[in-house]
>>> print(open('query-v7.tsv').read())   # TSV, C-alpha atoms
chain	number	residue	atom	x	y	z
A	1104	MET	CA	-30.30	10.22	-0.07
A	1105	MET	CA	-30.38	6.59	0.93
A	1106	ALA	CA	-29.50	5.82	4.55
A	1107	ILE	CA	-26.13	4.21	5.24
A	1108	ASP	CA	-26.16	1.79	8.15
A	1109	ILE	CA	-23.01	0.55	9.85
A	1110	PHE	CA	-23.11	-2.93	11.38
A	1111	GLU	CA	-20.45	-4.58	13.51
A	1112	CYS	CA	-19.54	-8.08	12.35
A	1113	ALA	CA	-20.93	-10.19	15.16
A	1114	ASN	CA	-20.46	-13.73	13.84
A	1115	LYS	CA	-18.84	-15.85	11.16
A	1116	VAL	CA	-21.62	-15.13	8.66
A	1117	ASP	CA	-20.94	-11.40	8.98
A	1118	LEU	CA	-17.21	-11.95	8.62
A	1119	LYS	CA	-17.79	-13.94	5.44
A	1120	ARG	CA	-19.71	-10.98	4.03
A	1121	PHE	CA	-16.80	-8.77	5.09
A	1122	VAL	CA	-14.32	-10.98	3.23
A	1123	GLU	CA	-16.48	-11.35	0.14
A	1124	PHE	CA	-17.25	-7.64	-0.39
A	1125	PRO	CA	-14.05	-6.81	-2.37
A	1126	TYR	CA	-14.81	-9.67	-4.79
A	1127	TRP	CA	-17.99	-7.84	-5.74
A	1128	LEU	CA	-16.41	-4.38	-5.62
A	1129	TYR	CA	-13.56	-5.26	-8.01
A	1130	ARG	CA	-15.55	-7.72	-10.13
A	1131	ASN	CA	-14.96	-5.73	-13.34
A	1132	ASN	CA	-11.39	-4.67	-12.58
A	1133	THR	CA	-8.63	-6.45	-14.50
A	1134	TYR	CA	-5.84	-5.53	-12.07
A	1135	TRP	CA	-7.20	-6.55	-8.67
A	1136	VAL	CA	-5.80	-9.84	-7.33
A	1137	PRO	CA	-8.14	-11.72	-4.98
A	1138	PRO	CA	-6.61	-13.22	-1.84
A	1139	LEU	CA	-7.66	-16.71	-0.82
A	1140	LYS	CA	-10.98	-16.36	0.99
A	1141	SER	CA	-10.17	-19.06	3.52
A	1142	ASP	CA	-6.95	-17.31	4.58
A	1143	GLU	CA	-8.65	-13.93	4.79
A	1144	LEU	CA	-11.47	-15.28	6.93
A	1145	LYS	CA	-9.15	-17.09	9.34
A	1146	ALA	CA	-7.08	-13.93	9.77
A	1147	LEU	CA	-10.14	-12.22	11.28
A	1148	ILE	CA	-11.09	-14.99	13.70
A	1149	VAL	CA	-9.51	-15.06	17.16
A	1150	ARG	CA	-8.96	-18.80	17.42
A	1151	TYR	CA	-7.02	-18.94	14.14
A	1152	ASN	CA	-4.89	-15.78	14.33
A	1153	PRO	CA	-2.32	-15.53	17.15
A	1154	ALA	CA	-2.06	-11.77	16.59
A	1155	TYR	CA	-5.09	-11.50	18.85
A	1156	ASP	CA	-2.74	-12.35	21.71
A	1157	PHE	CA	-1.52	-8.74	21.54
A	1158	CYS	CA	-4.23	-7.05	19.46
A	1159	GLU	CA	-7.86	-6.05	19.82
A	1160	ALA	CA	-9.90	-5.62	16.65
A	1161	LYS	CA	-13.38	-4.83	15.38
A	1162	TRP	CA	-14.83	-5.21	11.89
A	1163	TRP	CA	-17.77	-3.36	10.36
A	1164	LEU	CA	-19.91	-3.40	7.22
A	1165	ALA	CA	-21.64	-0.44	5.60
A	1166	VAL	CA	-25.07	-1.40	4.24
A	1167	CYS	CA	-27.41	0.62	2.04
A	1168	GLU	CA	-30.84	-0.75	1.04
A	1169	GLY	CA	-29.79	-4.22	2.11
A	1170	GLU	CA	-26.58	-4.24	0.03
A	1171	VAL	CA	-23.04	-4.10	1.41
A	1172	VAL	CA	-21.37	-0.93	0.11
A	1173	GLY	CA	-18.24	-0.84	2.25
A	1174	ARG	CA	-16.19	-2.35	5.05
A	1175	ILE	CA	-13.52	-1.37	7.56
A	1176	GLY	CA	-11.61	-2.76	10.52
A	1177	ALA	CA	-9.92	-1.11	13.48
A	1178	ILE	CA	-7.00	-2.59	15.40
A	1179	VAL	CA	-5.40	-1.71	18.71
A	1180	ASN	CA	-1.96	-3.30	18.50
A	1181	HIS	CA	-0.70	-3.24	22.08
A	1182	ALA	CA	2.75	-4.53	21.07
A	1183	HIS	CA	3.22	-1.58	18.71
A	1184	ILE	CA	1.90	0.91	21.26
A	1185	LYS	CA	4.41	-0.40	23.81
A	1186	LYS	CA	7.20	-0.15	21.24
A	1187	VAL	CA	6.55	3.46	20.16
A	1188	GLY	CA	5.19	4.78	23.46
A	1189	GLU	CA	2.24	6.44	21.75
A	1190	LYS	CA	-1.42	5.45	21.64
A	1191	ILE	CA	-1.71	4.92	17.89
A	1192	GLY	CA	-4.62	2.85	16.56
A	1193	ARG	CA	-4.97	1.37	13.11
A	1194	PHE	CA	-7.70	1.21	10.51
A	1195	SER	CA	-7.53	-1.86	8.32
A	1196	ARG	CA	-8.98	-3.51	5.19
A	1197	PHE	CA	-10.87	-0.36	4.18
A	1198	GLU	CA	-12.94	-0.76	1.00
A	1199	CYS	CA	-16.02	1.06	-0.27
A	1200	ILE	CA	-17.95	2.19	-3.30
A	1201	ASN	CA	-17.14	5.61	-4.75
A	1202	ASP	CA	-19.26	7.57	-2.29
A	1203	ILE	CA	-17.56	9.80	0.26
A	1204	ARG	CA	-20.57	9.45	2.58
A	1205	VAL	CA	-19.84	5.74	2.88
A	1206	ALA	CA	-16.11	6.37	3.41
A	1207	GLN	CA	-16.89	8.95	6.09
A	1208	ALA	CA	-19.34	6.70	7.92
A	1209	LEU	CA	-16.87	3.81	7.97
A	1210	LEU	CA	-13.83	5.84	9.00
A	1211	GLN	CA	-15.80	7.70	11.66
A	1212	THR	CA	-16.95	4.39	13.11
A	1213	ALA	CA	-13.38	3.08	13.29
A	1214	GLU	CA	-12.13	6.38	14.75
A	1215	ASN	CA	-14.83	6.44	17.43
A	1216	TRP	CA	-14.01	2.92	18.57
A	1217	LEU	CA	-10.28	3.70	18.66
A	1218	LYS	CA	-10.95	6.83	20.72
A	1219	SER	CA	-13.05	4.74	23.12
A	1220	LYS	CA	-9.95	2.56	23.60
A	1221	GLY	CA	-7.84	5.60	24.47
A	1222	MET	CA	-6.12	6.10	21.12
A	1223	THR	CA	-4.97	9.62	20.22
A	1224	LYS	CA	-3.98	8.97	16.61
A	1225	VAL	CA	-4.99	6.60	13.81
A	1226	GLU	CA	-2.77	5.23	11.03
A	1227	GLY	CA	-3.64	3.03	8.11
A	1228	PRO	CA	-4.46	1.03	6.29
A	1229	LEU	CA	-2.35	-1.35	8.38
A	1230	GLY	CA	-2.89	-4.92	9.46
A	1231	PHE	CA	-1.92	-6.94	12.50
A	1232	SER	CA	1.75	-6.97	11.46
A	1233	ASN	CA	4.00	-5.89	8.60
A	1234	LEU	CA	3.23	-9.24	6.92
A	1235	ASP	CA	-0.48	-8.38	6.89
A	1236	HIS	CA	-2.35	-5.86	4.72
A	1237	GLN	CA	-0.54	-2.53	4.72
A	1238	GLY	CA	-0.66	0.61	2.62
A	1239	LEU	CA	-3.10	2.09	0.14
A	1240	LEU	CA	-2.25	2.35	-3.55
A	1241	VAL	CA	-1.90	6.00	-4.63
A	1242	ASP	CA	0.01	5.56	-7.90
A	1243	GLY	CA	0.34	2.74	-10.42
A	1244	PHE	CA	-3.30	1.82	-11.04
A	1245	ASP	CA	-2.53	0.22	-14.42
A	1246	PHE	CA	-0.35	-2.56	-12.99
A	1247	ILE	CA	-1.31	-5.86	-11.41
A	1248	PRO	CA	-0.04	-6.19	-7.82
A	1249	SER	CA	2.22	-8.90	-6.51
A	1250	ILE	CA	0.95	-11.45	-4.00
A	1251	GLY	CA	2.65	-9.41	-1.27
A	1252	SER	CA	0.87	-6.18	-2.16
A	1253	GLN	CA	-2.66	-4.86	-2.76
A	1254	TYR	CA	-4.67	-2.97	-5.36
A	1255	HIS	CA	-7.08	-0.12	-4.62
A	1256	PHE	CA	-9.27	2.26	-6.55
A	1257	SER	CA	-7.88	5.75	-7.21
A	1258	TYR	CA	-10.82	7.52	-5.52
A	1259	TYR	CA	-9.75	6.31	-2.05
A	1260	LYS	CA	-6.90	8.85	-1.99
A	1261	SER	CA	-9.27	11.75	-2.63
A	1262	HIS	CA	-11.75	10.56	0.00
A	1263	LEU	CA	-9.07	10.20	2.68
A	1264	GLU	CA	-7.66	13.65	1.97
A	1265	LYS	CA	-11.11	15.26	2.18
A	1266	LEU	CA	-11.73	13.49	5.49
A	1267	GLY	CA	-8.65	14.97	7.11
A	1268	TYR	CA	-6.05	12.23	6.60
A	1269	GLN	CA	-2.45	13.11	5.81
A	1270	LYS	CA	0.51	11.16	4.54
A	1271	ALA	CA	2.53	9.28	7.15
A	1272	ILE	CA	4.96	7.44	4.85
A	1273	ASP	CA	5.07	5.84	1.39
A	1274	TRP	CA	6.28	2.52	0.07
A	1275	LEU	CA	7.74	2.34	-3.46
A	1276	GLU	CA	7.49	-0.75	-5.66
A	1277	PHE	CA	9.73	-1.67	-8.57
A	1278	ARG	CA	9.70	-3.97	-11.56
A	1279	ILE	CA	13.19	-5.33	-12.25
A	1280	PHE	CA	14.01	-6.78	-15.66
A	1281	VAL	CA	16.19	-9.88	-15.69
A	1282	LYS	CA	18.15	-10.05	-18.92
A	1283	SER	CA	21.51	-11.40	-17.82
A	1284	VAL	CA	23.72	-11.74	-14.77
A	1285	PRO	CA	26.17	-8.80	-14.75
A	1286	ASP	CA	29.84	-9.75	-14.66
A	1287	LYS	CA	30.41	-7.07	-12.02
A	1288	ALA	CA	27.83	-8.68	-9.73
A	1289	LYS	CA	29.58	-12.02	-10.09
A	1290	ARG	CA	32.97	-10.51	-9.19
A	1291	VAL	CA	31.54	-8.72	-6.15
A	1292	ALA	CA	29.90	-11.96	-4.94
A	1293	GLU	CA	33.16	-13.87	-5.28
A	1294	VAL	CA	35.06	-11.21	-3.32
A	1295	VAL	CA	32.47	-11.21	-0.51
A	1296	GLU	CA	32.50	-15.01	-0.25
A	1297	LYS	CA	36.31	-15.15	-0.10
A	1298	ARG	CA	36.83	-12.19	2.26
A	1299	PHE	CA	34.24	-13.14	4.86
A	1300	GLY	CA	33.94	-16.88	4.37
A	1301	PHE	CA	30.25	-16.63	3.56
A	1302	LYS	CA	28.36	-19.43	1.85
A	1303	VAL	CA	25.09	-19.31	-0.08
A	1304	VAL	CA	22.73	-22.17	0.77
A	1305	HIS	CA	20.51	-23.42	-2.06
A	1306	PHE	CA	17.37	-25.52	-1.60
A	1307	ASN	CA	15.85	-28.29	-3.66
A	1308	SER	CA	12.95	-29.19	-1.39
A	1309	LYS	CA	10.56	-27.57	1.07
A	1310	SER	CA	11.75	-29.92	3.81
A	1311	GLN	CA	15.30	-28.53	3.44
A	1312	MET	CA	13.97	-24.98	3.45
A	1313	LYS	CA	11.78	-25.49	6.51
A	1314	LEU	CA	14.85	-26.29	8.62
A	1315	TYR	CA	15.80	-22.61	8.30
A	1316	ALA	CA	12.32	-21.14	8.76
A	1317	THR	CA	12.56	-20.30	12.46
A	1318	ASP	CA	16.01	-18.70	12.11
A	1319	ILE	CA	14.77	-16.68	9.13
A	1320	PHE	CA	12.01	-15.16	11.25
A	1321	LYS	CA	14.42	-14.47	14.11
A	1322	LEU	CA	16.63	-12.55	11.70
A	1323	LEU	CA	13.58	-10.80	10.24
A	1324	ASN	CA	12.64	-9.57	13.72
A	1325	GLU	CA	16.13	-8.21	14.32
A	1326	ALA	CA	16.58	-6.58	10.91
A	1327	TYR	CA	13.13	-4.97	10.77
A	1328	LYS	CA	12.68	-3.98	14.43
A	1329	ASP	CA	13.18	-0.23	13.90
A	1330	LEU	CA	11.04	0.11	10.77
A	1331	PHE	CA	7.74	1.98	10.67
A	1332	ALA	CA	4.71	0.09	12.09
A	1333	VAL	CA	6.71	-3.13	12.58
A	1334	VAL	CA	6.10	-5.33	15.62
A	1335	HIS	CA	8.08	-8.31	16.91
A	1336	LEU	CA	6.71	-11.61	15.61
A	1337	SER	CA	6.23	-14.10	18.44
A	1338	ASN	CA	6.89	-17.82	18.07
A	1339	LYS	CA	3.16	-18.38	17.53
A	1340	MET	CA	3.06	-15.67	14.85
A	1341	THR	CA	6.13	-17.18	13.20
A	1342	GLU	CA	4.46	-20.60	13.07
A	1343	TYR	CA	1.27	-18.99	11.73
A	1344	TYR	CA	3.06	-17.40	8.78
A	1345	ILE	CA	5.18	-20.48	8.09
A	1346	ASN	CA	2.05	-22.61	7.84
A	1347	ARG	CA	0.28	-19.99	5.73
A	1348	TYR	CA	2.97	-19.42	3.10
A	1349	MET	CA	5.34	-22.40	3.08
A	1350	SER	CA	3.23	-24.44	0.65
A	1351	LEU	CA	3.34	-21.61	-1.91
A	1352	LEU	CA	7.13	-21.23	-2.02
A	1353	ASN	CA	9.37	-22.66	-4.71
A	1354	PRO	CA	12.59	-23.67	-2.88
A	1355	ARG	CA	14.76	-22.65	-5.82
A	1356	PHE	CA	13.87	-19.00	-5.27
A	1357	VAL	CA	14.79	-18.97	-1.59
A	1358	LYS	CA	18.44	-18.26	-0.76
A	1359	VAL	CA	20.21	-17.87	2.57
A	1360	VAL	CA	23.76	-16.89	3.49
A	1361	GLU	CA	25.70	-18.44	6.37
A	1362	ASN	CA	29.02	-17.49	7.94
A	1363	LYS	CA	31.88	-19.87	8.69
A	1364	ASN	CA	30.06	-21.11	11.79
A	1365	LYS	CA	26.95	-21.90	9.77
A	1366	GLU	CA	25.05	-19.04	11.43
A	1367	LEU	CA	22.36	-17.40	9.34
A	1368	ILE	CA	23.29	-13.82	8.41
A	1369	GLY	CA	20.92	-13.10	5.54
A	1370	PHE	CA	18.10	-14.38	3.36
A	1371	ILE	CA	16.08	-13.48	0.29
A	1372	ILE	CA	12.70	-15.00	-0.53
A	1373	ALA	CA	11.04	-14.74	-3.92
A	1374	ILE	CA	8.03	-16.61	-5.21
A	1375	PRO	CA	6.80	-17.35	-8.73
A	1376	SER	CA	4.13	-14.76	-9.51
A	1377	LEU	CA	0.74	-16.12	-8.45
A	1378	SER	CA	-1.27	-13.01	-9.32
A	1379	ARG	CA	-2.81	-14.33	-12.55
A	1380	ALA	CA	-3.41	-17.72	-10.98
A	1381	LEU	CA	-5.26	-16.13	-8.05
A	1382	GLN	CA	-7.40	-14.16	-10.48
A	1383	LYS	CA	-8.34	-17.41	-12.23
A	1384	SER	CA	-9.03	-19.16	-8.94
A	1385	LYS	CA	-11.39	-16.34	-7.83
A	1386	GLY	CA	-10.16	-16.71	-4.26
A	1387	LYS	CA	-10.95	-20.41	-3.90
A	1388	LEU	CA	-8.65	-23.43	-3.75
A	1389	PHE	CA	-11.36	-25.80	-4.94
A	1390	PRO	CA	-12.29	-27.13	-7.36
A	1391	PHE	CA	-9.62	-25.64	-9.65
A	1392	GLY	CA	-7.73	-23.07	-7.57
A	1393	TRP	CA	-4.97	-25.48	-6.56
A	1394	TYR	CA	-4.42	-26.41	-10.22
A	1395	TYR	CA	-3.87	-22.77	-11.25
A	1396	LEU	CA	-1.54	-22.12	-8.31
A	1397	MET	CA	0.54	-25.26	-8.81
A	1398	LYS	CA	0.85	-24.52	-12.52
A	1399	ALA	CA	2.04	-20.98	-11.77
A	1400	LEU	CA	4.76	-22.30	-9.44
A	1401	LYS	CA	6.40	-24.19	-12.32
A	1402	ASN	CA	8.55	-22.49	-15.00
A	1403	PRO	CA	7.57	-18.90	-14.12
A	1404	LYS	CA	8.44	-15.90	-16.30
A	1405	GLU	CA	7.86	-13.50	-13.42
A	1406	VAL	CA	8.63	-13.76	-9.71
A	1407	ASP	CA	7.62	-11.62	-6.75
A	1408	LEU	CA	10.18	-10.63	-4.15
A	1409	LEU	CA	8.55	-11.18	-0.77
A	1410	LEU	CA	11.18	-10.64	1.91
A	1411	ALA	CA	14.89	-9.99	2.28
A	1412	ALA	CA	17.05	-9.17	5.27
A	1413	VAL	CA	20.64	-9.13	6.45
A	1414	ASP	CA	21.86	-9.17	10.04
A	1415	PRO	CA	22.30	-5.47	10.91
A	1416	LYS	CA	25.81	-6.22	12.20
A	1417	LYS	CA	26.75	-7.67	8.80
A	1418	GLN	CA	25.19	-5.14	6.45
A	1419	HIS	CA	28.60	-3.61	5.67
A	1420	THR	CA	29.96	-6.92	4.35
A	1421	GLY	CA	28.19	-7.06	1.00
A	1422	ALA	CA	26.03	-10.01	2.06
A	1423	ALA	CA	23.03	-8.36	0.39
A	1424	SER	CA	24.90	-8.28	-2.94
A	1425	LEU	CA	25.74	-11.95	-2.50
A	1426	LEU	CA	22.06	-12.83	-1.96
A	1427	ILE	CA	20.85	-10.76	-4.90
A	1428	HIS	CA	23.47	-12.31	-7.18
A	1429	ALA	CA	22.51	-15.85	-6.11
A	1430	LEU	CA	18.86	-15.12	-6.84
A	1431	GLN	CA	19.75	-13.49	-10.17
A	1432	VAL	CA	21.66	-16.57	-11.28
A	1433	GLU	CA	18.74	-18.81	-10.30
A	1434	MET	CA	16.20	-16.63	-12.11
A	1435	HIS	CA	18.33	-16.44	-15.23
A	1436	THR	CA	18.79	-20.23	-15.18
A	1437	GLN	CA	15.04	-20.76	-14.78
A	1438	GLY	CA	14.12	-18.34	-17.60
A	1439	VAL	CA	12.61	-15.64	-15.39
A	1440	GLU	CA	12.25	-12.30	-17.18
A	1441	ALA	CA	11.04	-9.88	-14.49
A	1442	VAL	CA	10.80	-9.39	-10.73
A	1443	GLU	CA	8.14	-7.46	-8.82
A	1444	THR	CA	9.37	-6.07	-5.52
A	1445	THR	CA	7.17	-5.50	-2.51
A	1446	GLY	CA	7.11	-2.07	-0.95
A	1447	VAL	CA	10.36	-0.36	0.00
A	1448	PHE	CA	10.08	2.60	2.36
A	1449	GLU	CA	10.79	5.85	0.52
A	1450	THR	CA	13.25	6.66	3.32
A	1451	ASN	CA	15.32	3.49	2.79
A	1452	GLU	CA	17.96	4.99	0.53
A	1453	LYS	CA	20.23	1.94	0.64
A	1454	ALA	CA	17.53	-0.41	-0.66
A	1455	LEU	CA	16.27	2.11	-3.22
A	1456	LYS	CA	19.80	2.60	-4.56
A	1457	SER	CA	20.19	-1.17	-4.87
A	1458	TRP	CA	17.07	-1.61	-7.01
A	1459	ARG	CA	17.75	1.49	-9.11
A	1460	ALA	CA	21.11	0.01	-10.06
A	1461	HIS	CA	19.24	-2.60	-12.13
A	1462	ASP	CA	17.21	-2.26	-15.32
A	1463	HIS	CA	13.91	-1.21	-13.75
A	1464	ILE	CA	10.79	0.90	-13.59
A	1465	GLN	CA	9.46	2.38	-10.35
A	1466	HIS	CA	5.79	1.95	-11.13
A	1467	LYS	CA	3.74	1.76	-7.93
A	1468	ARG	CA	3.44	3.74	-4.72
A	1469	LYS	CA	1.47	2.86	-1.58
A	1470	ARG	CA	0.76	5.16	1.33
A	1471	CYS	CA	0.08	4.91	5.03
A	1472	TRP	CA	-2.22	7.71	6.19
A	1473	GLN	CA	-2.56	9.29	9.61
A	1474	LYS	CA	-4.96	11.51	11.52
A	1475	GLU	CA	-5.08	12.96	15.01
A	1476	LEU	CA	-8.07	11.79	17.02
A	1477	VAL	CA	-9.69	14.73	18.80
>>> encode(input="query-v7.tsv", output="structure tokens")
Amino acid sequence: MMAIDIFECANKVDLKRFVEFPYWLYRNNTYWVPPLKSDELKALIVRYNPAYDFCEAKWWLAVCEGEVVGRIGAIVNHAHIKKVGEKIGRFSRFECINDIRVAQALLQTAENWLKSKGMTKVEGPLGFSNLDHQGLLVDGFDFIPSIGSQYHFSYYKSHLEKLGYQKAIDWLEFRIFVKSVPDKAKRVAEVVEKRFGFKVVHFNSKSQMKLYATDIFKLLNEAYKDLFAVVHLSNKMTEYYINRYMSLLNPRFVKVVENKNKELIGFIIAIPSLSRALQKSKGKLFPFGWYYLMKALKNPKEVDLLLAAVDPKKQHTGAASLLIHALQVEMHTQGVEAVETTGVFETNEKALKSWRAHDHIQHKRKRCWQKELV
């Protein structure tokens, strides 16, 4: 047996190797979608990522005979610990070759560090926030992921189970087929608008859209605050995500709803599917990555649903139906044929019922795992 050595990432060179490992691991896989290397690297570096204001993190590489064969991170999210009142650590960005010895060495390293920080339980894979890497694919390996999701090899599930990890919760993902705008949906939207005086705001430019960005994140914090593994996004975190994703949005696929006082009560954000474009770019913006991404943003046949939320005090009003109808009309007008949702918690019956009401397939499932640290 060849020795497996675990090295902590001590500098930017190590972190680059950490980021680049999945590109080698999935090099022959037709479904994996590479993230942009520059964004991934900055997310790990303290001076670029404001999540380090409330998180501690370590990153490690597994090396065998001079070759990287795996990676893992561990995060102590103090904001989440304060919220739940339990010392729960996180493992993050776990990837390895199909060798349980490598998986065990990596997970044990993360667990040991978390225990040294006083953690009594570990959950993962989870990132710094719910807008970071979260969940491990356990079903749906023959489908390409959306930009808001991830792909993993099927052997990870077996390795985690053998190493004592159990299911914490699952996310379900759907593919919705857009064939027409139902007459019933139109009638419901008209009733909601008239009864409550709501108005859908449409955007033609990113400058118009950016005026609502801060309020969107405020509403996101309020609507998501009680969900599993979610932490409040600070002003610095809000600015971080706005800067990271704003350039990739097509304003036509962002809709918000206001009340009579022009107060934001709901939003839905979709994005033209960039998965194939990211595969072509191989994780780099230059020299041709920007071309593939910009081309994908125009006249898409598929879009990815990134985020949606309604003010909890207004969820009984039908505002969600109004948002979905507005997006449906836009997609139908633009010739979109299908929508990929991001993960919906298996416990969120209201959201699941909403998506199942459309022509759909439920094709992917991601899982958060947990283990007691003893």
>>> closest_residue(input="query-v7.tsv", among="A:Met1105, A:Ile1279, A:Leu1367, A:Val1187", to="Asp1318 of chain A", atoms="all atoms listed in the file")
A:Leu1367
>>> atom_distance(input="query-v7.tsv", atom1="atom CA of Ile1247 of chain A", atom2="atom CA of Gln1431 of chain A")
22.4 Å
>>> residues_around(input="query-v7.tsv", residues="Leu1388 of chain A", least_positions_apart="2", cutoff="12 Å", atoms="only C-alpha atoms", output="NGL selection string")
:A and (1137-1142 or 1380-1386 or 1390-1397)
>>> closest_residue(input="query-v7.tsv", among="A:His1236, A:Lys1145, A:Lys1190, A:His1335", to="Cys1471 of chain A", atoms="only C-alpha atoms")
A:His1236
>>> closest_residue(input="query-v7.tsv", among="A:Asp1242, A:Asp1273, A:Glu1170, A:Glu1325", to="Gly1227 of chain A", atoms="all atoms listed in the file")
A:Asp1273
>>> atom_distance(input="query-v7.tsv", atom1="atom CA of Val1357 of chain A", atom2="atom CA of Ile1319 of chain A")
11.0 Å
>>> atom_distance(input="query-v7.tsv", atom1="atom CA of Leu1209 of chain A", atom2="atom CA of Tyr1134 of chain A")
24.7 Å
>>> residues_around(input="query-v7.tsv", residues="Lys1265 of chain A", least_positions_apart="5", cutoff="12 Å", atoms="only C-alpha atoms", output="list in words")
Ile1203, Arg1204, Ala1206, Gln1207, Leu1210, Tyr1258, Tyr1259, Lys1260 and Lys1474 of chain A
>>> residues_near_point(input="query-v7.tsv", point="(16.7, -17.7, -7.7)", cutoff="7 Å", atoms="all atoms listed in the file", output="ChimeraX atom specification")
/A:1355-1357,1429-1434
>>> closest_residue(input="query-v7.tsv", among="A:Tyr1315, A:Leu1426, A:Arg1196, A:Asn1201", to="Ser1261 of chain A", atoms="all atoms listed in the file")
A:Asn1201
